[in-house]
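coords.pdb (PDB, C-alpha atoms and all ligand atoms) appears below.
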```
ATOM      1  CA  MET A   1      37.154  31.245  27.460
ATOM      2  CA  GLY A   2      39.676  28.767  28.731
ATOM      3  CA  ASN A   3      38.922  25.778  26.493
ATOM      4  CA  ARG A   4      38.796  26.228  22.795
ATOM      5  CA  TYR A   5      35.510  24.334  22.615
ATOM      6  CA  GLN A   6      32.696  24.069  25.145
ATOM      7  CA  ILE A   7      29.694  21.744  25.381
ATOM      8  CA  ALA A   8      26.444  23.197  26.718
ATOM      9  CA  GLY A   9      23.976  20.554  27.895
ATOM     10  CA  SER A  10      20.367  21.588  27.221
ATOM     11  CA  ILE A  11      18.059  20.653  30.084
ATOM     12  CA  LEU A  12      15.169  20.607  27.624
ATOM     13  CA  SER A  13      16.165  16.958  27.141
ATOM     14  CA  ALA A  14      16.623  16.245  30.877
ATOM     15  CA  ASP A  15      14.051  14.490  33.070
ATOM     16  CA  PRO A  16      11.594  17.264  34.075
ATOM     17  CA  LEU A  17      10.849  15.459  37.337
ATOM     18  CA  ALA A  18      14.495  15.684  38.363
ATOM     19  CA  TYR A  19      16.131  18.879  37.130
ATOM     20  CA  GLY A  20      18.310  19.233  40.238
ATOM     21  CA  SER A  21      19.845  15.780  40.071
ATOM     22  CA  GLU A  22      20.045  15.923  36.267
ATOM     23  CA  VAL A  23      22.158  19.091  36.413
ATOM     24  CA  ALA A  24      24.264  17.612  39.228
ATOM     25  CA  ASP A  25      24.899  14.560  37.050
ATOM     26  CA  ALA A  26      25.807  16.741  34.038
ATOM     27  CA  LEU A  27      28.269  18.858  36.018
ATOM     28  CA  GLU A  28      29.758  15.746  37.568
ATOM     29  CA  ALA A  29      30.307  14.365  34.059
ATOM     30  CA  GLY A  30      32.189  17.571  33.252
ATOM     31  CA  VAL A  31      29.813  19.505  30.994
ATOM     32  CA  ASP A  32      31.032  23.093  30.483
ATOM     33  CA  VAL A  33      27.744  25.006  30.397
ATOM     34  CA  ILE A  34      24.101  24.394  31.321
ATOM     35  CA  HIS A  35      21.765  25.575  28.535
ATOM     36  CA  PHE A  36      18.338  26.715  29.796
ATOM     37  CA  ASP A  37      15.638  26.962  27.114
ATOM     38  CA  VAL A  38      12.784  29.293  28.036
ATOM     39  CA  MET A  39       9.653  28.958  25.880
ATOM     40  CA  ASP A  40       6.367  30.839  26.236
ATOM     41  CA  PHE A  41       3.758  29.195  23.954
ATOM     42  CA  ASN A  42       3.798  32.470  22.017
ATOM     43  CA  PHE A  43       7.134  32.972  20.283
ATOM     44  CA  VAL A  44       7.372  29.201  19.906
ATOM     45  CA  PRO A  45       4.727  26.442  20.096
ATOM     46  CA  ASN A  46       5.993  25.038  23.388
ATOM     47  CA  LEU A  47       6.189  26.037  27.060
ATOM     48  CA  THR A  48       8.997  25.299  29.494
ATOM     49  CA  PHE A  49      10.315  26.906  32.669
ATOM     50  CA  GLY A  50      11.174  30.327  34.076
ATOM     51  CA  PRO A  51      13.181  32.334  36.603
ATOM     52  CA  SER A  52      12.168  30.294  39.668
ATOM     53  CA  LEU A  53      13.815  27.103  38.359
ATOM     54  CA  LEU A  54      16.839  29.126  37.252
ATOM     55  CA  LYS A  55      17.159  30.660  40.718
ATOM     56  CA  ALA A  56      16.961  27.252  42.385
ATOM     57  CA  LEU A  57      19.685  25.894  40.067
ATOM     58  CA  ARG A  58      21.892  28.923  40.705
ATOM     59  CA  LYS A  59      21.511  28.428  44.471
ATOM     60  CA  ARG A  60      22.410  24.755  44.319
ATOM     61  CA  PHE A  61      25.199  25.144  41.708
ATOM     62  CA  PRO A  62      26.868  28.492  42.442
ATOM     63  CA  LYS A  63      29.767  27.936  40.030
ATOM     64  CA  ALA A  64      27.860  26.523  37.044
ATOM     65  CA  VAL A  65      27.749  28.597  33.860
ATOM     66  CA  LEU A  66      24.033  29.135  33.241
ATOM     67  CA  ASP A  67      23.192  29.945  29.627
ATOM     68  CA  VAL A  68      19.618  31.209  29.258
ATOM     69  CA  HIS A  69      18.106  31.043  25.767
ATOM     70  CA  LEU A  70      14.899  33.077  25.672
ATOM     71  CA  MET A  71      12.378  31.949  23.090
ATOM     72  CA  ILE A  72       9.791  34.420  24.327
ATOM     73  CA  SER A  73       8.083  37.479  22.890
ATOM     74  CA  PRO A  74       8.030  40.357  23.522
ATOM     75  CA  ILE A  75      11.440  40.817  25.117
ATOM     76  CA  THR A  76      11.132  43.483  27.812
ATOM     77  CA  GLU A  77      13.576  44.797  30.387
ATOM     78  CA  ASP A  78      11.543  43.446  33.298
ATOM     79  CA  LYS A  79      11.682  39.906  31.868
ATOM     80  CA  LEU A  80      15.431  40.187  31.242
ATOM     81  CA  ALA A  81      15.932  41.541  34.754
ATOM     82  CA  ALA A  82      14.044  38.559  36.193
ATOM     83  CA  PHE A  83      16.480  36.129  34.532
ATOM     84  CA  ALA A  84      19.547  38.236  35.302
ATOM     85  CA  ASP A  85      18.535  38.488  38.968
ATOM     86  CA  ALA A  86      17.834  34.753  39.093
ATOM     87  CA  GLY A  87      21.491  34.127  38.244
ATOM     88  CA  ALA A  88      21.933  33.867  34.466
ATOM     89  CA  ASP A  89      25.522  34.206  33.238
ATOM     90  CA  TRP A  90      24.603  34.415  29.572
ATOM     91  CA  ILE A  91      21.265  35.504  28.102
ATOM     92  CA  SER A  92      20.326  35.266  24.441
ATOM     93  CA  PHE A  93      17.098  36.383  22.811
ATOM     94  CA  HIS A  94      15.703  36.533  19.284
ATOM     95  CA  PRO A  95      15.842  39.918  17.528
ATOM     96  CA  GLU A  96      12.334  39.393  16.084
ATOM     97  CA  ALA A  97      11.015  39.587  19.653
ATOM     98  CA  CYS A  98      12.775  42.839  20.538
ATOM     99  CA  VAL A  99      11.953  46.400  19.474
ATOM    100  CA  HIS A 100      15.072  48.297  20.667
ATOM    101  CA  LEU A 101      18.027  46.005  20.071
ATOM    102  CA  ASP A 102      20.800  48.416  20.984
ATOM    103  CA  ARG A 103      19.138  49.544  24.195
ATOM    104  CA  THR A 104      18.284  45.990  25.243
ATOM    105  CA  LEU A 105      21.838  44.703  24.703
ATOM    106  CA  ALA A 106      23.200  47.649  26.692
ATOM    107  CA  PHE A 107      20.727  46.845  29.470
ATOM    108  CA  LEU A 108      22.160  43.313  29.766
ATOM    109  CA  ALA A 109      25.737  44.582  29.692
ATOM    110  CA  ASP A 110      24.948  46.946  32.591
ATOM    111  CA  ARG A 111      23.818  43.904  34.551
ATOM    112  CA  LYS A 112      27.073  42.065  33.870
ATOM    113  CA  VAL A 113      25.332  39.428  31.805
ATOM    114  CA  LYS A 114      26.950  38.179  28.615
ATOM    115  CA  ALA A 115      24.420  39.161  25.950
ATOM    116  CA  GLY A 116      23.685  37.109  22.851
ATOM    117  CA  LEU A 117      21.413  37.368  19.859
ATOM    118  CA  ALA A 118      19.783  34.114  18.779
ATOM    119  CA  LEU A 119      19.174  33.783  15.055
ATOM    120  CA  ASP A 120      16.544  31.478  13.605
ATOM    121  CA  PRO A 121      17.654  29.378  10.609
ATOM    122  CA  GLY A 122      15.826  31.794   8.292
ATOM    123  CA  THR A 123      17.112  35.009   9.887
ATOM    124  CA  GLY A 124      19.969  36.734   8.073
ATOM    125  CA  PRO A 125      23.170  37.991   9.704
ATOM    126  CA  GLU A 126      22.543  41.683   8.759
ATOM    127  CA  VAL A 127      20.591  42.179  11.986
ATOM    128  CA  LEU A 128      23.947  42.000  13.818
ATOM    129  CA  ASP A 129      25.633  44.724  11.749
ATOM    130  CA  TRP A 130      25.022  47.692  14.034
ATOM    131  CA  VAL A 131      25.274  45.921  17.377
ATOM    132  CA  TYR A 132      28.341  43.667  16.951
ATOM    133  CA  ASP A 133      30.301  45.566  19.581
ATOM    134  CA  LYS A 134      27.578  44.935  22.176
ATOM    135  CA  LEU A 135      27.466  41.172  21.678
ATOM    136  CA  GLY A 136      29.067  38.644  23.973
ATOM    137  CA  PHE A 137      28.032  35.894  21.586
ATOM    138  CA  VAL A 138      25.762  34.897  18.725
ATOM    139  CA  LEU A 139      23.562  31.823  19.097
ATOM    140  CA  LEU A 140      22.955  30.226  15.723
ATOM    141  CA  MET A 141      19.894  28.041  15.635
ATOM    142  CA  THR A 142      20.417  25.101  13.322
ATOM    143  CA  VAL A 143      16.804  23.972  13.844
ATOM    144  CA  ASN A 144      13.598  25.950  14.140
ATOM    145  CA  PRO A 145      13.152  26.799  17.824
ATOM    146  CA  GLY A 146      10.640  24.990  20.000
ATOM    147  CA  PHE A 147      11.677  21.379  20.297
ATOM    148  CA  GLY A 148      14.659  19.146  20.878
ATOM    149  CA  GLY A 149      15.534  16.173  18.705
ATOM    150  CA  GLN A 150      15.350  17.858  15.280
ATOM    151  CA  ARG A 151      17.839  17.547  12.419
ATOM    152  CA  LEU A 152      20.510  20.180  11.883
ATOM    153  CA  ILE A 153      19.865  22.440   8.861
ATOM    154  CA  PRO A 154      23.307  22.467   7.161
ATOM    155  CA  VAL A 155      22.980  25.807   5.303
ATOM    156  CA  VAL A 156      23.086  27.633   8.665
ATOM    157  CA  LEU A 157      26.772  26.714   8.865
ATOM    158  CA  ASP A 158      27.416  29.006   5.856
ATOM    159  CA  LYS A 159      25.897  31.811   7.908
ATOM    160  CA  ALA A 160      28.144  30.840  10.840
ATOM    161  CA  ARG A 161      31.226  31.148   8.641
ATOM    162  CA  ARG A 162      30.152  34.588   7.489
ATOM    163  CA  ILE A 163      29.488  35.847  11.007
ATOM    164  CA  SER A 164      32.697  34.337  12.324
ATOM    165  CA  ALA A 165      34.692  36.105   9.589
ATOM    166  CA  GLU A 166      32.990  39.399  10.381
ATOM    167  CA  ILE A 167      33.768  39.076  14.098
ATOM    168  CA  ARG A 168      37.439  38.418  13.272
ATOM    169  CA  ARG A 169      37.534  41.278  10.759
ATOM    170  CA  ARG A 170      36.277  43.636  13.451
ATOM    171  CA  GLY A 171      38.641  42.178  16.055
ATOM    172  CA  LEU A 172      35.829  41.520  18.537
ATOM    173  CA  PRO A 173      35.774  38.964  21.382
ATOM    174  CA  ALA A 174      32.271  37.588  20.643
ATOM    175  CA  PHE A 175      31.981  33.812  20.235
ATOM    176  CA  LEU A 176      29.544  31.637  18.287
ATOM    177  CA  GLU A 177      27.230  29.067  19.858
ATOM    178  CA  VAL A 178      25.250  26.548  17.826
ATOM    179  CA  ASP A 179      21.906  25.132  18.928
ATOM    180  CA  GLY A 180      19.978  22.272  17.350
ATOM    181  CA  GLY A 181      20.789  18.830  16.028
ATOM    182  CA  ILE A 182      24.344  18.712  17.381
ATOM    183  CA  ASP A 183      25.646  15.166  17.838
ATOM    184  CA  PRO A 184      28.994  13.382  17.314
ATOM    185  CA  ASN A 185      28.338  13.333  13.535
ATOM    186  CA  THR A 186      27.403  16.991  13.036
ATOM    187  CA  ILE A 187      29.741  18.648  15.539
ATOM    188  CA  THR A 188      32.834  18.596  13.297
ATOM    189  CA  ALA A 189      31.215  20.597  10.497
ATOM    190  CA  ALA A 190      29.946  23.100  13.086
ATOM    191  CA  ALA A 191      33.407  23.501  14.614
ATOM    192  CA  LYS A 192      34.905  24.042  11.175
ATOM    193  CA  SER A 193      32.430  26.907  10.677
ATOM    194  CA  GLY A 194      33.910  28.928  13.519
ATOM    195  CA  ILE A 195      31.640  27.764  16.309
ATOM    196  CA  SER A 196      33.127  27.236  19.764
ATOM    197  CA  VAL A 197      30.111  26.467  21.995
ATOM    198  CA  PHE A 198      27.889  23.517  21.116
ATOM    199  CA  VAL A 199      24.440  23.026  22.629
ATOM    200  CA  ALA A 200      23.512  19.368  22.973
ATOM    201  CA  GLY A 201      20.092  18.247  24.179
ATOM    202  CA  SER A 202      19.275  14.773  22.831
ATOM    203  CA  ALA A 203      22.953  13.941  22.338
ATOM    204  CA  PHE A 204      23.752  14.731  25.983
ATOM    205  CA  PHE A 205      20.822  14.758  28.452
ATOM    206  CA  GLY A 206      18.980  12.363  26.154
ATOM    207  CA  LYS A 207      21.642   9.713  26.822
ATOM    208  CA  PRO A 208      21.720   7.671  30.028
ATOM    209  CA  ASP A 209      25.515   7.910  30.486
ATOM    210  CA  ARG A 210      26.413  11.607  30.407
ATOM    211  CA  ALA A 211      30.175  11.104  30.737
ATOM    212  CA  ALA A 212      30.106   8.780  27.712
ATOM    213  CA  ALA A 213      27.878  11.219  25.788
ATOM    214  CA  LEU A 214      30.303  14.053  26.531
ATOM    215  CA  ALA A 215      33.299  11.978  25.464
ATOM    216  CA  ALA A 216      31.525  11.108  22.207
ATOM    217  CA  LEU A 217      30.951  14.812  21.496
ATOM    218  CA  ARG A 218      34.483  15.844  22.446
ATOM    219  CA  GLU A 219      36.271  13.129  20.529
ATOM    220  CA  PRO A 220      35.658  14.615  17.037
ATOM    221  CA  LEU A 221      36.700  18.040  18.361
ATOM    222  CA  GLU A 222      39.962  16.630  19.677
ATOM    223  CA  ARG A 223      40.659  15.014  16.332
ATOM    224  CA  LEU A 224      40.090  18.377  14.672
ATOM    225  CA  GLY A 225      42.518  19.990  17.137
ATOM    226  CA  GLU A 226      45.177  17.378  16.257
ATOM    227  CA  GLN A 227      44.779  18.100  12.550
ATOM    228  CA  HIS A 228      45.503  21.769  13.229
ATOM    229  CA  ALA A 229      48.462  21.104  15.509
TER     230      ALA A 229
HETATM  231  C1  LIG B   1      15.320  24.094  20.629
HETATM  232  C2  LIG B   1      16.244  24.452  21.764
HETATM  233  C3  LIG B   1      17.468  23.633  21.872
HETATM  234  C4  LIG B   1      17.236  22.161  22.114
HETATM  235  C5  LIG B   1      18.252  21.429  21.279
HETATM  236  O1  LIG B   1      14.381  25.100  20.444
HETATM  237  O2  LIG B   1      16.665  25.821  21.665
HETATM  238  O3  LIG B   1      18.349  24.151  22.870
HETATM  239  O4  LIG B   1      17.392  21.762  23.441
HETATM  240  O5  LIG B   1      17.981  20.076  21.319
HETATM  241  P1  LIG B   1      18.770  19.015  20.431
HETATM  242  O6  LIG B   1      20.207  19.079  20.841
HETATM  243  O7  LIG B   1      18.098  17.736  20.766
HETATM  244  O8  LIG B   1      18.585  19.437  18.990
HETATM  245 ZN    ZN B   2      18.336  26.551  23.053
END
```
Output the file's structure as structure tokens, nothing else.
Amino acid sequence: MGNRYQIAGSILSADPLAYGSEVADALEAGVDVIHFDVMDFNFVPNLTFGPSLLKALRKRFPKAVLDVHLMISPITEDKLAAFADAGADWISFHPEACVHLDRTLAFLADRKVKAGLALDPGTGPEVLDWVYDKLGFVLLMTVNPGFGGQRLIPVVLDKARRISAEIRRRGLPAFLEVDGGIDPNTITAAAKSGISVFVAGSAFFGKPDRAAALAALREPLERLGEQHA
């Protein structure tokens, strides 16, 4: 990753009647990553979008980093292939929804997709122990999955610190992404826990001025950088 910190705008909070122009506006404002929340009314009590919207976004924005967060169950290779073929750069899924973790992560790596495991607030870090070397990233959910606009659950940041230390101990390149309740007030604590990619739904797409929203999220991170310098 070039930048030390990256902001991923979650289109869950964008205007559903205008996904194309919403993403254009976000990229214009300078967002680093587009976060694409897939929900199936089964794994979570909500339903969103699928590979056809992803494919259309990929076609219109060939250079955008598309980060697909699958909140669907069960995870199967045909579903992962559909999102990989539609143009996902990163794909994360929840271990509870997957029977053969090692095989599934290898399947994504073969398709040149950065693979991530998404952990619910109540899911422990042990699930990562035997697959760390196959992970591009870990997505730490700081809210229960299903909806935008919830409050960050602070104890998850303790888990982030533990996972971050383990990744460093093993000398691996995996990064940490945080998802849920990130805003200009909560982002500093998340960054201090070893997180480098911050998903923002309400605090980014939920705001009318995306450049201003992005600046408000980056400002505390810059201050943190100055403290370290
Ligand atoms: C929730 C989704 C999040 C959501 C975050 O299940 O995974 O990506 O968009 O929204 P905010 O930033 O509003 O908490
Ligand atoms: Zn998400």
Residues within 10 Å of ligand LIG 1 (chain B) (all atoms listed in the file), as a count of residues only? 50
Between A:Asp25, A:Asp67, A:Asp85, A:Glu219, which is the closest to ligand ZN 2 (chain B) once you count all atoms listed in the file? A:Asp67
From A:Ala26, A:Ile153, A:Leu119, A:Leu221, residue lying nearest ligand ZN 2 (chain B) [all atoms listed in the file]: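 With all atoms listed in the file as the atom set, the closest residue is A:Leu119.
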Given all atoms listed in the file as the basis, pick out the residue of A:Ala97, A:Leu105, A:Ile72, A:Ala191 nearest to ligand ZN 2 (chain B).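 Once distances to ligand ZN 2 (chain B) are computed over all atoms listed in the file, the minimum belongs to A:Ile72.
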Would you pick out the contacts of Ser52 (chain A) at 10 Å or less, using all atoms listed in the file, so that residues sharing its chain but fewer than 5 positions from it are not included, and give the list as a ChimeraX atom specification? /A:57-58,82-83,86
CA of Val138 (chain A) to CA of Phe175 (chain A), distance in Å rounded to a single decimal: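 Result for CA of Val138 (chain A) versus CA of Phe175 (chain A): 6.5 Å, one decimal.
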Which polymer residues have any atom within 12 Å of an atom of Pro125 (chain A), counting all atoms listed in the file, with same-chain residues fewer than 5 positions away left out, as a list in words?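 Counting all atoms listed in the file, the residues come to Pro95, Leu117, Ala118, Leu119, Asp120, Trp130, Val131, Tyr132, Val138, Leu139, Leu140, Val156, Leu157, Asp158, Lys159, Ala160, Arg161, Arg162, Ile163, Ser164, Ala165, Glu166 and Ile167 of chain A.
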With only C-alpha atoms as the counted atoms, please give the residues lying no more than 12 Å from region 222-224 of chain A, apart from itself and same-chain residues fewer than 6 positions off, as number ranges by chain. A: 3-6, 184, 187-192, 215-216
Go through A:Ala211, A:Leu53, A:Asp32, A:Pro220 and flag the residue nearest Ala18 (chain A), using all atoms listed in the file for the distances.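 Ranked by minimum distance to Ala18 (chain A), first place goes to A:Leu53.
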Name all residues at most 10 Å from Asp89 (chain A) (count only C-alpha atoms; drop same-chain ones fewer than 5 positions away) and give them as a count of residues only. 14
Could you check how far CA of Ala212 (chain A) sits from CA of Gly30 (chain A), in Å to one decimal? 10.6 Å
CA of Phe107 (chain A) sits from CA of Gly87 (chain A) at a separation of 15.5 Å
Residue among A:Pro74, A:Gly122, A:Pro62, A:Gly116 lying closest to ligand ZN 2 (chain B), counting all atoms listed in the file: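 Of all the options, A:Gly116 lies closest to ligand ZN 2 (chain B).
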Find the residue from A:Gly194, A:Asp110, A:Glu28, A:His94 that sits nearest to ligand ZN 2 (chain B); use all atoms listed in the file when measuring.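 So, comparing all the options, the nearest one is A:His94.
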